[in-house]
Amino acid sequence: MLYPSIDTLMTHINSKYTLCTISARRARELLEIEEAVPMIDNIKSAKYVGVALEEIERGKLDYTASDDPSKQQQDK
């Protein structure tokens, strides 16, 4: 069974696409940056994506949406 469950994760982030994007970015950060350490203790997952999903579930990883399209273009 998948841990954490998608139902639990969807209570924190309301879009599956956003959930996927955020967890992938965090997993890449954990993989590529040597100083990056998990923001949680007692990790159950062995892979970086699982660690990112656990961080989301425990409320340590979140996002803020921007309504301004020009702001989104500047971030790229």
# chains A, B, ... in the order shown; residues from 1 in each chain; ligands from 1
$ residues_around --residues "segment 46-60 of chain A" --least-positions-apart "2" --cutoff "6 Å" --atoms "only C-alpha atoms" --output "list of chain:residue names"
A:Leu9, A:Ser23, A:Arg26, A:Ala27
$ select_by_dssp --residues "chain A" --states "alpha helix (DSSP H)" --output "PDB file with N, CA and C atoms, in the first residue's frame"
ATOM      1  N   ILE A   6      -2.822   8.935  -1.154  1.00  0.00           N
ATOM      2  CA  ILE A   6      -3.192  10.097  -1.965  1.00  0.00           C
ATOM      3  C   ILE A   6      -4.310  10.893  -1.306  1.00  0.00           C
ATOM      4  N   ASP A   7      -5.214  10.228  -0.618  1.00  0.00           N
ATOM      5  CA  ASP A   7      -6.299  10.927   0.069  1.00  0.00           C
ATOM      6  C   ASP A   7      -5.766  11.846   1.159  1.00  0.00           C
ATOM      7  N   THR A   8      -4.780  11.375   1.899  1.00  0.00           N
ATOM      8  CA  THR A   8      -4.171  12.191   2.943  1.00  0.00           C
ATOM      9  C   THR A   8      -3.439  13.382   2.342  1.00  0.00           C
ATOM     10  N   LEU A   9      -2.712  13.139   1.263  1.00  0.00           N
ATOM     11  CA  LEU A   9      -1.958  14.214   0.628  1.00  0.00           C
ATOM     12  C   LEU A   9      -2.867  15.273   0.016  1.00  0.00           C
ATOM     13  N   MET A  10      -4.014  14.843  -0.504  1.00  0.00           N
ATOM     14  CA  MET A  10      -4.935  15.782  -1.139  1.00  0.00           C
ATOM     15  C   MET A  10      -5.606  16.704  -0.122  1.00  0.00           C
ATOM     16  N   LYS A  16      -3.641  17.236  -7.907  1.00  0.00           N
ATOM     17  CA  LYS A  16      -2.682  16.148  -8.116  1.00  0.00           C
ATOM     18  C   LYS A  16      -1.479  16.625  -8.923  1.00  0.00           C
ATOM     19  N   TYR A  17      -1.731  17.517  -9.879  1.00  0.00           N
ATOM     20  CA  TYR A  17      -0.637  18.058 -10.680  1.00  0.00           C
ATOM     21  C   TYR A  17       0.335  18.845  -9.791  1.00  0.00           C
ATOM     22  N   THR A  18      -0.189  19.693  -8.942  1.00  0.00           N
ATOM     23  CA  THR A  18       0.649  20.482  -8.040  1.00  0.00           C
ATOM     24  C   THR A  18       1.386  19.577  -7.067  1.00  0.00           C
ATOM     25  N   LEU A  19       0.713  18.587  -6.567  1.00  0.00           N
ATOM     26  CA  LEU A  19       1.327  17.619  -5.661  1.00  0.00           C
ATOM     27  C   LEU A  19       2.513  16.931  -6.332  1.00  0.00           C
ATOM     28  N   CYS A  20       2.318  16.521  -7.549  1.00  0.00           N
ATOM     29  CA  CYS A  20       3.378  15.855  -8.315  1.00  0.00           C
ATOM     30  C   CYS A  20       4.555  16.802  -8.558  1.00  0.00           C
ATOM     31  N   THR A  21       4.259  18.021  -8.947  1.00  0.00           N
ATOM     32  CA  THR A  21       5.304  18.994  -9.251  1.00  0.00           C
ATOM     33  C   THR A  21       6.118  19.351  -8.014  1.00  0.00           C
ATOM     34  N   ILE A  22       5.441  19.610  -6.925  1.00  0.00           N
ATOM     35  CA  ILE A  22       6.132  19.995  -5.691  1.00  0.00           C
ATOM     36  C   ILE A  22       7.002  18.848  -5.167  1.00  0.00           C
ATOM     37  N   SER A  23       6.463  17.644  -5.173  1.00  0.00           N
ATOM     38  CA  SER A  23       7.234  16.510  -4.659  1.00  0.00           C
ATOM     39  C   SER A  23       8.432  16.205  -5.570  1.00  0.00           C
ATOM     40  N   ALA A  24       8.271  16.363  -6.877  1.00  0.00           N
ATOM     41  CA  ALA A  24       9.390  16.122  -7.792  1.00  0.00           C
ATOM     42  C   ALA A  24      10.496  17.157  -7.600  1.00  0.00           C
ATOM     43  N   ARG A  25      10.113  18.418  -7.431  1.00  0.00           N
ATOM     44  CA  ARG A  25      11.115  19.470  -7.206  1.00  0.00           C
ATOM     45  C   ARG A  25      11.871  19.238  -5.903  1.00  0.00           C
ATOM     46  N   ARG A  26      11.151  18.867  -4.859  1.00  0.00           N
ATOM     47  CA  ARG A  26      11.798  18.622  -3.562  1.00  0.00           C
ATOM     48  C   ARG A  26      12.700  17.394  -3.633  1.00  0.00           C
ATOM     49  N   ALA A  27      12.259  16.354  -4.328  1.00  0.00           N
ATOM     50  CA  ALA A  27      13.074  15.147  -4.477  1.00  0.00           C
ATOM     51  C   ALA A  27      14.359  15.464  -5.228  1.00  0.00           C
ATOM     52  N   ARG A  28      14.255  16.276  -6.269  1.00  0.00           N
ATOM     53  CA  ARG A  28      15.437  16.679  -7.033  1.00  0.00           C
ATOM     54  C   ARG A  28      16.377  17.494  -6.156  1.00  0.00           C
ATOM     55  N   GLU A  29      15.820  18.343  -5.310  1.00  0.00           N
ATOM     56  CA  GLU A  29      16.637  19.128  -4.387  1.00  0.00           C
ATOM     57  C   GLU A  29      17.381  18.220  -3.419  1.00  0.00           C
ATOM     58  N   LEU A  30      16.704  17.239  -2.866  1.00  0.00           N
ATOM     59  CA  LEU A  30      17.346  16.301  -1.941  1.00  0.00           C
ATOM     60  C   LEU A  30      18.442  15.503  -2.627  1.00  0.00           C
ATOM     61  N   LEU A  31      18.257  15.189  -3.891  1.00  0.00           N
ATOM     62  CA  LEU A  31      19.224  14.401  -4.644  1.00  0.00           C
ATOM     63  C   LEU A  31      20.452  15.208  -5.034  1.00  0.00           C
ATOM     64  N   GLU A  32      20.246  16.440  -5.504  1.00  0.00           N
ATOM     65  CA  GLU A  32      21.331  17.198  -6.120  1.00  0.00           C
ATOM     66  C   GLU A  32      22.098  18.107  -5.172  1.00  0.00           C
ATOM     67  N   TYR A  48      13.684   9.468  -2.575  1.00  0.00           N
ATOM     68  CA  TYR A  48      13.518  10.904  -2.371  1.00  0.00           C
ATOM     69  C   TYR A  48      12.093  11.389  -2.606  1.00  0.00           C
ATOM     70  N   VAL A  49      11.405  10.851  -3.578  1.00  0.00           N
ATOM     71  CA  VAL A  49      10.023  11.265  -3.824  1.00  0.00           C
ATOM     72  C   VAL A  49       9.149  10.889  -2.628  1.00  0.00           C
ATOM     73  N   GLY A  50       9.366   9.728  -2.073  1.00  0.00           N
ATOM     74  CA  GLY A  50       8.625   9.312  -0.885  1.00  0.00           C
ATOM     75  C   GLY A  50       8.897  10.214   0.305  1.00  0.00           C
ATOM     76  N   VAL A  51      10.151  10.636   0.453  1.00  0.00           N
ATOM     77  CA  VAL A  51      10.504  11.560   1.534  1.00  0.00           C
ATOM     78  C   VAL A  51       9.774  12.886   1.334  1.00  0.00           C
ATOM     79  N   ALA A  52       9.752  13.380   0.094  1.00  0.00           N
ATOM     80  CA  ALA A  52       9.052  14.632  -0.203  1.00  0.00           C
ATOM     81  C   ALA A  52       7.558  14.508   0.097  1.00  0.00           C
ATOM     82  N   LEU A  53       6.956  13.380  -0.249  1.00  0.00           N
ATOM     83  CA  LEU A  53       5.538  13.177   0.037  1.00  0.00           C
ATOM     84  C   LEU A  53       5.271  13.113   1.543  1.00  0.00           C
ATOM     85  N   GLU A  54       6.184  12.506   2.278  1.00  0.00           N
ATOM     86  CA  GLU A  54       6.043  12.475   3.742  1.00  0.00           C
ATOM     87  C   GLU A  54       6.151  13.888   4.317  1.00  0.00           C
ATOM     88  N   GLU A  55       7.047  14.713   3.754  1.00  0.00           N
ATOM     89  CA  GLU A  55       7.169  16.091   4.214  1.00  0.00           C
ATOM     90  C   GLU A  55       5.872  16.866   3.971  1.00  0.00           C
ATOM     91  N   ILE A  56       5.235  16.619   2.841  1.00  0.00           N
ATOM     92  CA  ILE A  56       3.955  17.263   2.546  1.00  0.00           C
ATOM     93  C   ILE A  56       2.892  16.802   3.536  1.00  0.00           C
ATOM     94  N   GLU A  57       2.861  15.503   3.775  1.00  0.00           N
ATOM     95  CA  GLU A  57       1.850  14.953   4.680  1.00  0.00           C
ATOM     96  C   GLU A  57       1.983  15.524   6.095  1.00  0.00           C
ATOM     97  N   PRO A  69       0.216  36.442 -13.576  1.00  0.00           N
ATOM     98  CA  PRO A  69       0.933  35.719 -14.632  1.00  0.00           C
ATOM     99  C   PRO A  69       2.329  36.272 -14.893  1.00  0.00           C
ATOM    100  N   SER A  70       2.549  37.565 -14.716  1.00  0.00           N
ATOM    101  CA  SER A  70       3.888  38.124 -14.944  1.00  0.00           C
ATOM    102  C   SER A  70       4.869  37.615 -13.909  1.00  0.00           C
ATOM    103  N   LYS A  71       4.409  37.380 -12.702  1.00  0.00           N
ATOM    104  CA  LYS A  71       5.254  36.820 -11.653  1.00  0.00           C
ATOM    105  C   LYS A  71       5.697  35.407 -12.013  1.00  0.00           C
ATOM    106  N   GLN A  72       4.800  34.617 -12.600  1.00  0.00           N
ATOM    107  CA  GLN A  72       5.122  33.251 -12.993  1.00  0.00           C
ATOM    108  C   GLN A  72       6.159  33.250 -14.109  1.00  0.00           C
ATOM    109  N   GLN A  73       6.101  34.198 -15.023  1.00  0.00           N
ATOM    110  CA  GLN A  73       7.078  34.289 -16.103  1.00  0.00           C
ATOM    111  C   GLN A  73       8.457  34.663 -15.569  1.00  0.00           C
ATOM    112  N   GLN A  74       8.520  35.500 -14.543  1.00  0.00           N
ATOM    113  CA  GLN A  74       9.789  35.921 -13.972  1.00  0.00           C
ATOM    114  C   GLN A  74      10.479  34.783 -13.248  1.00  0.00           C
ATOM    115  N   ASP A  75       9.709  33.852 -12.664  1.00  0.00           N
ATOM    116  CA  ASP A  75      10.282  32.738 -11.933  1.00  0.00           C
ATOM    117  C   ASP A  75      11.007  31.760 -12.844  1.00  0.00           C
TER     118      ASP A  75
END
$ atom_distance --atom1 "atom CA of Asn42 of chain A" --atom2 "atom CA of Thr64 of chain A"
26.4 Å
$ closest_residue --among "A:Ala65, A:Ile40, A:Leu2, A:Ile33" --to "Asn14 of chain A" --atoms "only C-alpha atoms"
A:Ala65
$ atom_distance --atom1 "atom CA of Ser15 of chain A" --atom2 "atom CA of Tyr63 of chain A"
11.7 Å
$ decode --residues "segment 35-46 of chain A" --atoms "N, CA, C and O atoms" --output "mmCIF file, in the first residue's frame"
data_model
loop_
_atom_site.group_PDB
_atom_site.id
_atom_site.type_symbol
_atom_site.label_atom_id
_atom_site.label_comp_id
_atom_site.auth_asym_id
_atom_site.auth_seq_id
_atom_site.Cartn_x
_atom_site.Cartn_y
_atom_site.Cartn_z
ATOM 1 N N GLU A 35 23.851 19.756 0.816
ATOM 2 C CA GLU A 35 23.468 20.261 2.129
ATOM 3 C C GLU A 35 21.993 20.025 2.443
ATOM 4 O O GLU A 35 21.551 20.260 3.564
ATOM 5 N N ALA A 36 21.206 19.606 1.464
ATOM 6 C CA ALA A 36 19.768 19.398 1.673
ATOM 7 C C ALA A 36 19.545 18.159 2.540
ATOM 8 O O ALA A 36 20.050 17.082 2.247
ATOM 9 N N VAL A 37 18.810 18.355 3.603
ATOM 10 C CA VAL A 37 18.467 17.239 4.492
ATOM 11 C C VAL A 37 16.951 17.200 4.639
ATOM 12 O O VAL A 37 16.279 18.228 4.529
ATOM 13 N N PRO A 38 16.391 16.044 4.870
ATOM 14 C CA PRO A 38 14.938 15.959 5.075
ATOM 15 C C PRO A 38 14.485 16.825 6.247
ATOM 16 O O PRO A 38 15.197 16.967 7.249
ATOM 17 N N MET A 39 13.298 17.413 6.109
ATOM 18 C CA MET A 39 12.760 18.299 7.136
ATOM 19 C C MET A 39 11.997 17.532 8.215
ATOM 20 O O MET A 39 11.397 18.146 9.098
ATOM 21 N N ILE A 40 12.014 16.205 8.149
ATOM 22 C CA ILE A 40 11.281 15.385 9.102
ATOM 23 C C ILE A 40 12.189 14.307 9.677
ATOM 24 O O ILE A 40 13.220 13.970 9.099
ATOM 25 N N ASP A 41 11.796 13.781 10.807
ATOM 26 C CA ASP A 41 12.477 12.643 11.420
ATOM 27 C C ASP A 41 11.640 11.398 11.188
ATOM 28 O O ASP A 41 10.479 11.474 10.811
ATOM 29 N N ASN A 42 12.200 10.249 11.447
ATOM 30 C CA ASN A 42 11.506 8.964 11.316
ATOM 31 C C ASN A 42 10.936 8.757 9.912
ATOM 32 O O ASN A 42 9.741 8.540 9.733
ATOM 33 N N ILE A 43 11.790 8.829 8.936
ATOM 34 C CA ILE A 43 11.381 8.675 7.542
ATOM 35 C C ILE A 43 11.110 7.209 7.256
ATOM 36 O O ILE A 43 11.900 6.339 7.598
ATOM 37 N N LYS A 44 9.978 6.931 6.618
ATOM 38 C CA LYS A 44 9.622 5.562 6.262
ATOM 39 C C LYS A 44 10.029 5.214 4.833
ATOM 40 O O LYS A 44 10.219 4.057 4.506
ATOM 41 N N SER A 45 10.156 6.216 3.989
ATOM 42 C CA SER A 45 10.458 5.996 2.574
ATOM 43 C C SER A 45 11.963 5.908 2.346
ATOM 44 O O SER A 45 12.743 6.620 2.979
ATOM 45 N N ALA A 46 12.336 5.078 1.391
ATOM 46 C CA ALA A 46 13.740 4.938 1.043
ATOM 47 C C ALA A 46 14.119 5.816 -0.144
ATOM 48 O O ALA A 46 15.299 6.032 -0.389
#
